[in-house]
file entry_8.txt (compact mmCIF, C-alpha atoms)
# COMPACT_ATOMS: atom_id res chain seq x y z
CA MET A 230 48.89 -16.13 -78.21
CA LYS A 231 45.79 -18.31 -78.38
CA ASN A 232 43.04 -17.27 -75.91
CA PHE A 233 45.25 -14.42 -74.67
CA ASN A 234 42.39 -12.15 -73.50
CA ILE A 235 40.61 -14.73 -71.38
CA LYS A 236 43.90 -16.05 -69.98
CA ALA A 237 44.79 -12.49 -68.90
CA VAL A 238 41.38 -12.16 -67.23
CA LEU A 239 41.91 -15.43 -65.32
CA PHE A 240 45.24 -14.12 -64.04
CA LEU A 241 43.66 -10.81 -62.97
CA ASN A 242 40.76 -12.53 -61.17
CA TYR A 243 43.17 -14.77 -59.30
CA PHE A 244 45.30 -11.73 -58.41
CA VAL A 245 42.32 -9.92 -56.84
CA PHE A 246 41.27 -12.86 -54.70
CA ALA A 247 44.86 -13.64 -53.72
CA ILE A 248 44.95 -10.27 -51.96
CA LEU A 249 41.56 -10.62 -50.32
CA LEU A 250 41.86 -14.24 -49.20
CA ASN A 251 45.37 -14.02 -47.81
CA SER A 252 44.79 -10.76 -45.98
CA VAL A 253 43.34 -12.93 -43.20
CA GLY A 254 46.74 -13.17 -41.46
CA THR A 255 47.09 -9.39 -41.43
CA VAL A 256 43.51 -8.90 -40.33
CA ILE A 257 43.93 -11.45 -37.51
CA LEU A 258 46.90 -9.45 -36.23
CA GLN A 259 45.11 -6.10 -36.55
CA VAL A 260 41.81 -7.08 -34.92
CA GLN A 261 43.77 -8.33 -31.91
CA GLN A 262 45.23 -4.84 -31.57
CA ASN A 263 42.17 -2.80 -32.60
CA PHE A 264 39.40 -4.67 -30.82
CA GLY A 265 41.20 -6.73 -28.14
CA ILE A 266 40.26 -10.05 -29.76
CA SER A 267 42.06 -13.16 -28.45
CA LYS A 268 44.17 -15.33 -30.77
CA SER A 269 41.77 -18.26 -30.61
CA SER A 270 38.80 -15.97 -31.33
CA ALA A 271 40.61 -14.18 -34.15
CA SER A 272 41.48 -17.53 -35.76
CA ILE A 273 37.76 -18.06 -36.43
CA LEU A 274 38.09 -15.63 -39.35
CA GLU A 275 39.76 -18.46 -41.25
CA GLY A 276 36.60 -20.47 -40.74
CA PHE A 277 34.37 -17.63 -41.90
CA LYS A 278 36.45 -17.57 -45.08
CA ASP A 279 36.94 -21.27 -45.70
CA LEU A 280 33.62 -22.81 -44.65
CA PRO A 281 31.57 -20.70 -47.11
CA ILE A 282 34.10 -21.71 -49.77
CA ALA A 283 33.54 -25.37 -48.90
CA ILE A 284 29.75 -25.18 -48.69
CA CYS A 285 29.26 -23.12 -51.86
CA SER A 286 31.73 -25.22 -53.80
CA PHE A 287 29.92 -28.40 -52.82
CA ILE A 288 26.55 -26.96 -53.88
CA LEU A 289 27.63 -25.20 -57.07
CA ALA A 290 30.32 -27.48 -58.52
CA SER A 291 27.98 -29.76 -60.48
CA PHE A 292 25.76 -27.01 -61.79
CA LEU A 293 28.20 -24.20 -62.54
CA PRO A 294 28.67 -24.97 -66.28
CA LYS A 295 24.91 -24.64 -66.82
CA ILE A 296 24.80 -21.44 -64.73
CA GLY A 297 27.69 -20.12 -66.79
CA ILE A 298 31.40 -19.90 -65.95
CA LYS A 299 31.65 -16.24 -66.91
CA ASN A 300 28.41 -15.34 -65.09
CA SER A 301 29.69 -17.02 -61.93
CA MET A 302 32.95 -15.07 -62.00
CA LEU A 303 31.08 -11.80 -62.58
CA ALA A 304 28.82 -12.50 -59.58
CA GLY A 305 31.82 -13.18 -57.33
CA LEU A 306 33.60 -9.98 -58.36
CA PHE A 307 30.43 -7.92 -57.88
CA LEU A 308 29.92 -9.21 -54.32
CA VAL A 309 33.47 -8.52 -53.13
CA SER A 310 33.54 -5.09 -54.79
CA CYS A 311 30.46 -4.04 -52.81
CA MET A 312 31.83 -5.42 -49.52
CA CYS A 313 35.21 -3.75 -49.96
CA PHE A 314 33.52 -0.36 -50.26
CA VAL A 315 31.75 -1.03 -46.94
CA MET A 316 34.85 -2.07 -44.95
CA PRO A 317 36.40 1.41 -44.38
CA PHE A 318 33.44 2.06 -42.07
CA ALA A 319 33.92 -1.16 -40.04
CA ASP A 320 33.88 -0.55 -36.28
CA ASP A 321 33.28 -4.02 -34.87
CA PHE A 322 34.61 -7.58 -35.25
CA TRP A 323 31.45 -8.83 -37.01
CA PHE A 324 32.28 -6.71 -40.08
CA PHE A 325 35.35 -8.86 -40.63
CA LYS A 326 33.36 -12.07 -40.22
CA LEU A 327 30.95 -10.83 -42.88
CA LEU A 328 33.81 -9.71 -45.14
CA PHE A 329 35.50 -13.10 -45.16
CA ALA A 330 32.18 -14.95 -45.52
CA ILE A 331 31.46 -12.96 -48.71
CA VAL A 332 35.05 -13.36 -49.90
CA GLY A 333 34.69 -17.12 -49.32
CA ILE A 334 31.43 -17.40 -51.26
CA SER A 335 32.84 -15.32 -54.11
CA PHE A 336 36.09 -17.25 -54.25
CA ALA A 337 34.16 -20.50 -54.53
CA LEU A 338 32.57 -19.09 -57.69
CA ILE A 339 35.88 -17.77 -59.00
CA LYS A 340 38.12 -20.77 -58.28
CA ILE A 341 35.81 -23.42 -59.71
CA SER A 342 35.31 -21.21 -62.77
CA VAL A 343 39.03 -20.60 -63.21
CA PHE A 344 40.02 -24.26 -62.78
CA THR A 345 37.29 -25.29 -65.22
CA SER A 346 38.42 -22.62 -67.70
CA ILE A 347 42.02 -23.87 -67.77
CA GLY A 348 40.92 -27.02 -69.58
CA LEU A 349 39.10 -24.83 -72.12
CA VAL A 350 42.08 -22.61 -72.96
CA THR A 351 44.84 -25.27 -73.04
CA ASP A 352 45.30 -28.15 -75.50
CA THR A 353 47.69 -30.67 -73.86
CA ASP A 354 48.38 -32.14 -70.42
CA LYS A 355 51.78 -30.43 -70.25
CA GLU A 356 50.30 -27.09 -71.29
CA HIS A 357 47.60 -27.57 -68.63
CA SER A 358 50.20 -28.30 -65.95
CA SER A 359 52.41 -25.40 -67.01
CA PHE A 360 49.53 -22.90 -67.11
CA MET A 361 48.34 -24.12 -63.71
CA GLY A 362 51.81 -23.54 -62.26
CA PHE A 363 52.08 -20.04 -63.69
CA LEU A 364 48.54 -19.17 -62.58
CA GLU A 365 49.21 -20.33 -59.01
CA GLY A 366 52.51 -18.43 -59.13
CA PHE A 367 50.67 -15.25 -60.10
CA PHE A 368 48.26 -15.93 -57.24
CA MET A 369 51.24 -15.67 -54.90
CA ILE A 370 52.30 -12.42 -56.59
CA GLY A 371 48.89 -11.16 -55.52
CA VAL A 372 49.54 -12.35 -51.97
CA LEU A 373 52.89 -10.52 -52.01
CA ALA A 374 51.30 -7.33 -53.37
CA GLY A 375 48.54 -7.58 -50.77
CA ASN A 376 50.96 -7.83 -47.86
CA VAL A 377 52.96 -4.86 -49.13
CA LEU A 378 49.75 -2.88 -49.73
CA PHE A 379 48.39 -3.54 -46.24
CA SER A 380 51.74 -2.71 -44.62
CA LEU A 381 51.65 0.75 -46.25
CA PHE A 382 48.44 1.56 -44.38
CA ILE A 383 49.65 0.32 -40.96
CA ASP A 384 50.47 2.85 -38.21
CA ASP A 385 53.28 1.28 -36.14
CA HIS A 386 53.14 4.11 -33.61
CA ASN A 387 49.44 3.67 -32.84
CA PRO A 388 48.38 -0.01 -32.63
CA LYS A 389 44.76 1.04 -32.02
CA SER A 390 44.56 3.03 -35.26
CA THR A 391 41.99 1.81 -37.79
CA GLN A 392 43.38 3.87 -40.67
CA TRP A 393 44.54 0.62 -42.27
CA LEU A 394 40.90 -0.03 -43.23
CA ASN A 395 41.30 2.57 -46.00
CA VAL A 396 43.15 -0.13 -47.95
CA TYR A 397 39.71 -1.50 -48.85
CA TRP A 398 38.99 1.52 -51.04
CA VAL A 399 41.91 0.38 -53.21
CA LEU A 400 40.80 -3.27 -53.16
CA GLY A 401 37.24 -2.31 -54.08
CA ALA A 402 38.50 -0.35 -57.08
CA VAL A 403 40.70 -3.25 -58.26
CA SER A 404 37.80 -5.71 -57.91
CA ALA A 405 35.51 -3.41 -59.90
CA LEU A 406 38.18 -3.09 -62.61
CA SER A 407 38.49 -6.87 -62.83
CA PHE A 408 34.70 -7.08 -63.19
CA LEU A 409 34.78 -4.73 -66.17
CA PHE A 410 37.61 -6.58 -67.91
CA LEU A 411 35.79 -9.89 -67.55
CA PHE A 412 32.47 -8.41 -68.68
CA PHE A 413 33.96 -7.45 -72.05
CA SER A 414 35.89 -10.73 -72.56
CA LYS A 415 34.65 -13.80 -74.42
CA LEU A 416 34.87 -17.42 -73.24
CA ASN A 417 33.70 -20.48 -75.19
CA GLU A 418 32.14 -22.71 -72.51
CA THR A 419 30.80 -25.46 -74.79
CA GLU A 420 33.26 -28.21 -73.82
CA ALA A 421 32.62 -27.65 -70.09
CA ARG A 422 29.01 -28.77 -70.51
CA SER A 423 27.67 -32.27 -70.84
CA GLU A 424 24.75 -31.80 -73.21
CA LYS A 425 23.55 -35.37 -72.60
CA THR A 426 22.68 -34.80 -68.95
CA ASP A 427 20.26 -32.67 -66.95
CA TRP A 428 20.87 -31.19 -63.49
CA LEU A 429 20.35 -34.58 -61.83
CA GLY A 430 22.74 -36.22 -64.29
CA ASP A 431 25.39 -33.59 -63.54
CA LEU A 432 25.02 -34.33 -59.83
CA LYS A 433 25.43 -38.07 -60.47
CA ASN A 434 28.58 -37.37 -62.50
CA SER A 435 30.01 -35.44 -59.57
CA ILE A 436 29.22 -38.18 -57.07
CA SER A 437 30.79 -40.75 -59.39
CA LEU A 438 34.18 -39.10 -58.86
CA PHE A 439 34.27 -40.61 -55.37
CA SER A 440 34.34 -44.09 -56.88
CA TYR A 441 37.91 -43.57 -58.12
CA LYS A 442 40.66 -44.33 -55.61
CA LYS A 443 43.00 -41.86 -57.33
CA VAL A 444 40.49 -39.07 -56.66
CA LEU A 445 40.22 -40.07 -53.00
CA PHE A 446 43.98 -40.02 -52.49
CA PHE A 447 44.15 -36.70 -54.33
CA LEU A 448 41.54 -35.16 -52.03
CA LEU A 449 43.53 -36.35 -49.03
CA CYS A 450 46.66 -34.75 -50.55
CA ALA A 451 44.83 -31.46 -51.14
CA PHE A 452 43.45 -31.45 -47.59
CA LEU A 453 46.84 -32.15 -46.00
CA PHE A 454 48.71 -29.65 -48.15
CA VAL A 455 46.37 -26.75 -47.47
CA LEU A 456 46.30 -27.62 -43.75
CA VAL A 457 50.07 -26.99 -43.70
CA GLU A 458 50.10 -24.08 -46.16
CA GLN A 459 47.34 -22.03 -44.53
CA SER A 460 48.67 -22.44 -41.01
CA PHE A 461 52.08 -21.35 -42.28
CA GLN A 462 50.78 -18.35 -44.26
CA THR A 463 48.07 -17.14 -41.88
CA TRP A 464 50.20 -17.07 -38.74
CA THR A 465 53.48 -15.76 -40.16
CA PRO A 466 52.70 -12.08 -39.29
CA THR A 467 51.80 -13.02 -35.71
CA PHE A 468 54.91 -15.22 -35.44
CA TYR A 469 57.14 -12.33 -36.50
CA LYS A 470 55.41 -9.85 -34.20
CA GLU A 471 55.31 -11.98 -31.03
CA ILE A 472 58.28 -14.36 -31.36
CA LEU A 473 60.82 -12.34 -33.28
CA LYS A 474 59.54 -9.02 -31.78
CA LEU A 475 59.52 -7.15 -35.09
CA PRO A 476 57.38 -4.04 -35.76
CA THR A 477 53.84 -4.70 -37.02
CA SER A 478 54.48 -3.33 -40.53
CA MET A 479 57.64 -5.43 -40.87
CA SER A 480 55.77 -8.50 -39.62
CA ILE A 481 53.18 -8.02 -42.35
CA GLN A 482 55.93 -7.44 -44.92
CA ALA A 483 57.37 -10.81 -43.87
CA GLY A 484 54.16 -12.24 -45.24
CA ALA A 485 55.05 -10.54 -48.53
CA VAL A 486 58.49 -12.19 -48.50
CA LEU A 487 56.76 -15.53 -47.89
CA ALA A 488 54.39 -14.84 -50.78
CA GLY A 489 57.35 -13.96 -53.00
CA ALA A 490 58.98 -17.28 -52.15
CA PHE A 491 55.71 -19.05 -52.95
CA ALA A 492 55.41 -17.20 -56.26
CA LEU A 493 58.96 -18.14 -57.27
CA GLY A 494 58.35 -21.77 -56.31
CA ARG A 495 55.14 -21.94 -58.34
CA PHE A 496 56.62 -20.21 -61.38
CA LEU A 497 59.48 -22.72 -61.27
CA SER A 498 56.96 -25.54 -61.04
CA GLY A 499 55.59 -24.34 -64.37
CA PHE A 500 59.02 -25.11 -65.89
CA PHE A 501 59.80 -28.27 -63.90
CA SER A 502 56.45 -29.84 -64.77
CA LYS A 503 57.60 -29.96 -68.42
CA LYS A 504 60.79 -31.86 -67.55
CA PHE A 505 60.06 -34.09 -64.55
CA SER A 506 57.24 -36.34 -63.37
CA TRP A 507 54.99 -34.59 -60.87
CA ILE A 508 55.69 -37.17 -58.14
CA TYR A 509 59.41 -36.34 -58.17
CA VAL A 510 58.65 -32.62 -57.86
CA VAL A 511 56.18 -33.16 -55.01
CA SER A 512 58.46 -35.58 -53.12
CA PHE A 513 61.44 -33.26 -53.36
CA CYS A 514 59.39 -30.32 -52.10
CA VAL A 515 57.79 -32.16 -49.16
CA ILE A 516 61.08 -33.62 -47.94
CA GLY A 517 62.92 -30.33 -48.46
CA PHE A 518 60.30 -28.37 -46.53
CA ALA A 519 60.31 -30.85 -43.65
CA ILE A 520 64.11 -30.63 -43.40
CA SER A 521 63.98 -26.82 -43.46
CA ILE A 522 61.51 -26.80 -40.55
CA VAL A 523 63.87 -28.91 -38.44
CA LEU A 524 66.87 -26.71 -39.31
CA VAL A 525 65.34 -23.21 -39.29
CA LEU A 526 62.90 -23.20 -36.34
CA PRO A 527 65.61 -23.71 -33.67
CA LEU A 528 67.21 -20.48 -34.94
CA THR A 529 64.10 -18.51 -33.88
CA HIS A 530 64.77 -19.10 -30.17
CA ASN A 531 66.22 -16.17 -28.21
CA VAL A 532 66.59 -13.90 -31.26
CA GLN A 533 67.75 -10.41 -30.31
CA ILE A 534 65.88 -7.64 -32.17
CA ASP A 535 66.98 -4.05 -31.54
CA GLU A 536 64.64 -1.09 -31.80
CA GLY A 537 66.22 0.06 -35.05
CA THR A 538 66.10 -3.35 -36.74
CA GLY A 539 64.97 -3.29 -40.36
CA TRP A 540 65.26 -5.49 -43.42
CA PHE A 541 68.84 -4.37 -44.05
CA ASN A 542 70.18 -5.35 -40.61
CA ALA A 543 67.85 -8.15 -39.43
CA PRO A 544 69.16 -11.54 -38.19
CA LEU A 545 69.47 -14.30 -40.81
CA VAL A 546 66.46 -16.25 -39.52
CA VAL A 547 64.19 -13.29 -40.35
CA TYR A 548 64.86 -14.05 -44.02
CA LEU A 549 65.10 -17.83 -43.82
CA PHE A 550 61.70 -18.47 -42.27
CA PRO A 551 59.56 -17.08 -45.13
CA LEU A 552 61.91 -18.42 -47.82
CA MET A 553 60.90 -21.93 -46.73
CA GLY A 554 57.67 -21.27 -48.60
CA GLY A 555 59.50 -21.70 -51.90
CA LEU A 556 59.74 -25.44 -51.23
CA LEU A 557 56.09 -25.76 -50.27
CA ALA A 558 54.76 -23.82 -53.27
CA PRO A 559 54.99 -26.27 -56.23
CA ILE A 560 53.00 -29.03 -54.51
CA TYR A 561 49.47 -27.64 -54.93
CA PRO A 562 49.50 -26.80 -58.66
CA SER A 563 51.24 -30.10 -59.40
CA ILE A 564 48.64 -32.34 -57.76
CA ASN A 565 45.71 -30.23 -59.04
CA SER A 566 46.88 -30.37 -62.64
CA VAL A 567 47.47 -34.13 -62.49
CA ILE A 568 43.94 -34.91 -61.31
CA LEU A 569 42.21 -32.47 -63.68
CA ALA A 570 44.17 -33.77 -66.67
CA SER A 571 43.07 -37.32 -65.73
CA ILE A 572 39.34 -36.73 -66.24
CA PRO A 573 37.08 -35.51 -69.10
CA LYS A 574 36.58 -31.74 -69.41
CA TYR A 575 32.87 -31.90 -68.59
CA LEU A 576 33.85 -33.20 -65.12
CA HIS A 577 36.37 -30.42 -64.46
CA SER A 578 33.79 -28.23 -62.75
CA ALA A 579 32.77 -31.02 -60.36
CA MET A 580 36.39 -31.93 -59.66
CA SER A 581 37.28 -28.27 -59.11
CA GLY A 582 34.48 -28.05 -56.58
CA LEU A 583 35.89 -30.99 -54.66
CA ILE A 584 39.36 -29.40 -54.77
CA VAL A 585 37.99 -26.18 -53.28
CA VAL A 586 35.92 -27.98 -50.63
CA PHE A 587 38.74 -30.11 -49.27
CA SER A 588 41.23 -27.25 -49.53
CA ALA A 589 38.90 -24.99 -47.55
CA ILE A 590 38.37 -27.58 -44.82
CA GLY A 591 42.11 -28.17 -44.57
CA GLY A 592 42.80 -24.44 -44.37
CA THR A 593 40.28 -23.90 -41.59
CA ILE A 594 41.50 -26.82 -39.48
CA GLY A 595 45.15 -25.87 -40.01
CA SER A 596 44.67 -22.26 -38.96
CA MET A 597 42.58 -23.13 -35.91
CA ILE A 598 45.07 -25.76 -34.72
CA THR A 599 47.94 -23.31 -35.17
CA GLY A 600 46.03 -20.56 -33.37
CA PHE A 601 45.32 -22.88 -30.42
CA VAL A 602 48.93 -24.04 -30.17
CA PHE A 603 50.16 -20.43 -30.47
CA GLN A 604 48.01 -19.50 -27.49
CA GLU A 605 48.57 -22.53 -25.26
CA PHE A 606 52.15 -23.70 -25.97
CA SER A 607 55.46 -22.43 -27.27
CA ARG A 608 54.98 -20.75 -30.64
CA GLN A 609 57.56 -22.91 -32.43
CA GLN A 610 55.58 -26.06 -31.59
CA ALA A 611 52.75 -24.87 -33.86
CA PHE A 612 55.01 -25.25 -36.88
CA TYR A 613 56.76 -28.43 -35.74
CA LEU A 614 53.34 -30.11 -35.77
CA SER A 615 53.22 -29.65 -39.56
CA LEU A 616 55.70 -32.55 -39.87
CA ILE A 617 52.80 -34.95 -39.21
CA PRO A 618 50.56 -33.92 -42.15
CA LEU A 619 53.67 -33.58 -44.36
CA SER A 620 54.49 -37.25 -43.73
CA LEU A 621 50.94 -38.29 -44.56
CA LEU A 622 50.99 -36.08 -47.67
CA ILE A 623 53.97 -37.77 -49.30
CA ILE A 624 52.53 -41.24 -48.57
CA SER A 625 49.18 -40.24 -50.13
CA ALA A 626 50.94 -38.75 -53.18
CA ILE A 627 52.84 -42.00 -53.79
CA PHE A 628 49.59 -44.01 -53.75
CA MET A 629 47.92 -41.42 -55.99
CA ASN A 630 50.74 -41.73 -58.53
CA LYS A 631 50.26 -45.51 -58.82
CA LEU A 632 46.55 -45.33 -59.56
CA LYS A 633 44.80 -44.72 -62.89
CA ILE A 634 41.40 -43.34 -63.87
CA ASN A 635 39.33 -44.86 -66.64
CA PRO A 636 36.18 -42.72 -66.74
CA LYS A 637 32.92 -44.28 -67.81
CA LYS A 638 31.61 -42.79 -71.00

call {"tool": "encode", "arguments": {"input": "entry_8.txt", "output": "structure tokens"}}
result
Amino acid sequence: MKNFNIKAVLFLNYFVFAILLNSVGTVILQVQQNFGISKSSASILEGFKDLPIAICSFILASFLPKIGIKNSMLAGLFLVSCMCFVMPFADDFWFFKLLFAIVGISFALIKISVFTSIGLVTDTDKEHSSFMGFLEGFFMIGVLAGNVLFSLFIDDHNPKSTQWLNVYWVLGAVSALSFLFLFFSKLNETEARSEKTDWLGDLKNSISLFSYKKVLFFLLCAFLFVLVEQSFQTWTPTFYKEILKLPTSMSIQAGAVLAGAFALGRFLSGFFSKKFSWIYVVSFCVIGFAISIVLVLPLTHNVQIDEGTGWFNAPLVVYLFPLMGGLLAPIYPSINSVILASIPKYLHSAMSGLIVVFSAIGGTIGSMITGFVFQEFSRQQAFYLSLIPLSLLIISAIFMNKLKINPKK
């Protein structure tokens, strides 16, 4: 397979950060129990993760090709490896703020680099879309693995136990391994650079993206999607623990089931993108997810969970709620691939930066809104509110589909 080694490295890098980024839901649940942190205070961890992603992406997006795509990924992996080896000694809430700040900075480096690299290792628009779908699907495999991994270190009989922090020894080792694999891999970065421009010219190229209406509608789509996705993913463990009254380890495993549904949905998007127009895929998924919210959430009221309840004897809604993620999953890779395939490769880094920035802002706002609603109102209302951004998302996608980009040479 052409470019097999570097493609494998991109998958591994995404796998590592899938675990670290999406552990925020588990960590939010655990710091509430370990350190007595309120829900609204714990939700700030999403901001410590997403705001550094947004800020660093905005600063680095234009200049990353000249810094070096491979060098940027190596720097990100080095930073998180070091922080993971510190976390087993964490004894205060600020450690977790620092952890997610570093994870956010590092992910900004990784995601822009990975998105830029896709255009370098694929030859056609369909191949780009398919690879994007499979890559995002593998990201969700990482989320699934992370939820399972964290649940293995949870002590259900002692909520105050901090033994779960030993999971970071494993994550540090995996990050270091990914660093080594990347270090010995080769990536031709020539096409990602615009040799005709200097640093100022690269910045002007990035700013020029805002002059295209299709880009603006795409950024709105990315913002709205991640607002829904992150609120759904981040607060699933807490929802299972406090609403469905499941054990902590099982609540975290529910996050793994959700991740599995996301992975399946994104792998399928890799196939569907070859057969159907992206707008049909996105429309079907948005409408299907909205309908599932209306049908499934009422089933979570007055659920009876016995002490001996497990995955083999749980009520139906325990399975249905995370499976909804399968409908949400194909949207993100579909819209990302469409916009990246619409512009020249030397602008992919700048566009990837904008994707990360608006995704990070959406994720932070979504999690904080959900955390506030969880604390102040009935827990189901937090997820019913997602119907509003879902409606705006499908409208924005329709406008985006009608617009074209004709880049200036």

call {"tool": "residues_near_point", "arguments": {"input": "entry_8.txt", "point": "(43.9, -17.9, -32.5)", "cutoff": "10 Å", "atoms": "only C-alpha atoms", "output": "JSON, numbers by chain"}}
result
{"A": [257, 258, 261, 266, 267, 268, 269, 270, 271, 272, 273, 274, 275, 464, 467, 596, 597, 598, 599, 600, 601, 602, 603, 604, 605]}

call {"tool": "write_last_selection", "arguments": {"input": "entry_8.txt", "atoms": "C-alpha atoms", "output": "CSV table (one decimal), keeping the file's coordinate frame"}}
result
chain,number,residue,atom,x,y,z
A,257,ILE,CA,43.9,-11.4,-37.5
A,258,LEU,CA,46.9,-9.4,-36.2
A,261,GLN,CA,43.8,-8.3,-31.9
A,266,ILE,CA,40.3,-10.0,-29.8
A,267,SER,CA,42.1,-13.2,-28.4
A,268,LYS,CA,44.2,-15.3,-30.8
A,269,SER,CA,41.8,-18.3,-30.6
A,270,SER,CA,38.8,-16.0,-31.3
A,271,ALA,CA,40.6,-14.2,-34.2
A,272,SER,CA,41.5,-17.5,-35.8
A,273,ILE,CA,37.8,-18.1,-36.4
A,274,LEU,CA,38.1,-15.6,-39.4
A,275,GLU,CA,39.8,-18.5,-41.2
A,464,TRP,CA,50.2,-17.1,-38.7
A,467,THR,CA,51.8,-13.0,-35.7
A,596,SER,CA,44.7,-22.3,-39.0
A,597,MET,CA,42.6,-23.1,-35.9
A,598,ILE,CA,45.1,-25.8,-34.7
A,599,THR,CA,47.9,-23.3,-35.2
A,600,GLY,CA,46.0,-20.6,-33.4
A,601,PHE,CA,45.3,-22.9,-30.4
A,602,VAL,CA,48.9,-24.0,-30.2
A,603,PHE,CA,50.2,-20.4,-30.5
A,604,GLN,CA,48.0,-19.5,-27.5
A,605,GLU,CA,48.6,-22.5,-25.3

call {"tool": "atom_distance", "arguments": {"input": "entry_8.txt", "atom1": "atom CA of Leu456 of chain A", "atom2": "atom CA of Val253 of chain A"}}
result
15.0 Å

call {"tool": "atom_distance", "arguments": {"input": "entry_8.txt", "atom1": "atom CA of Leu381 of chain A", "atom2": "atom CA of Ile282 of chain A"}}
result
28.7 Å

call {"tool": "atom_distance", "arguments": {"input": "entry_8.txt", "atom1": "atom CA of Val399 of chain A", "atom2": "atom CA of Gly484 of chain A"}}
result
19.3 Å

call {"tool": "closest_residue", "arguments": {"input": "entry_8.txt", "among": "A:Gly554, A:Pro544, A:Gly595, A:Pro466", "to": "Asn531 of chain A", "atoms": "only C-alpha atoms"}}
result
A:Pro544

call {"tool": "closest_residue", "arguments": {"input": "entry_8.txt", "among": "A:Val444, A:Ala490, A:Leu576, A:Val260", "to": "Lys631 of chain A", "atoms": "only C-alpha atoms"}}
result
A:Val444

call {"tool": "closest_atom_pairs", "arguments": {"input": "entry_8.txt", "of": "segment 372-391 of chain A", "to": "segment 361-368 of chain A", "cutoff": "10 Å", "atoms": "all atoms listed in the file", "output": "CSV"}}
result
residue,atom,partner,partner_atom,distance
A:Val372,CA,A:Phe368,CA,6.5
A:Leu373,CA,A:Phe368,CA,8.8
A:Ala374,CA,A:Phe368,CA,9.9

call {"tool": "closest_residue", "arguments": {"input": "entry_8.txt", "among": "A:Phe612, A:Ile564, A:Ile584, A:Val547", "to": "Phe518 of chain A", "atoms": "only C-alpha atoms"}}
result
A:Phe612

call {"tool": "residues_around", "arguments": {"input": "entry_8.txt", "residues": "Ser359 of chain A", "least_positions_apart": "6", "cutoff": "9 Å", "atoms": "all atoms listed in the file", "output": "list of chain:residue names"}}
result
A:Phe496, A:Ser498, A:Gly499, A:Phe500, A:Phe501, A:Ser502, A:Lys503, A:Pro562, A:Ser566

call {"tool": "closest_residue", "arguments": {"input": "entry_8.txt", "among": "A:Leu349, A:Ile341, A:Ser625, A:Phe446", "to": "Ala579 of chain A", "atoms": "all atoms listed in the file"}}
result
A:Ile341

call {"tool": "residues_near_point", "arguments": {"input": "entry_8.txt", "point": "(29.3, -19.2, -51.7)", "cutoff": "7 Å", "atoms": "only C-alpha atoms", "output": "ChimeraX atom specification"}}
result
/A:281-282,284-286,333-335,337-338

call {"tool": "closest_residue", "arguments": {"input": "entry_8.txt", "among": "A:Leu475, A:Leu249, A:Ala304, A:Leu293", "to": "Gly539 of chain A", "atoms": "only C-alpha atoms"}}
result
A:Leu475

call {"tool": "residues_around", "arguments": {"input": "entry_8.txt", "residues": "Gln259 of chain A", "least_positions_apart": "4", "cutoff": "8 Å", "atoms": "only C-alpha atoms", "output": "VMD selection string"}}
result
chain A and resid 255 263 388

call {"tool": "closest_residue", "arguments": {"input": "entry_8.txt", "among": "A:Phe408, A:Gln459, A:Tyr469, A:Val523", "to": "Gly305 of chain A", "atoms": "all atoms listed in the file"}}
result
A:Phe408
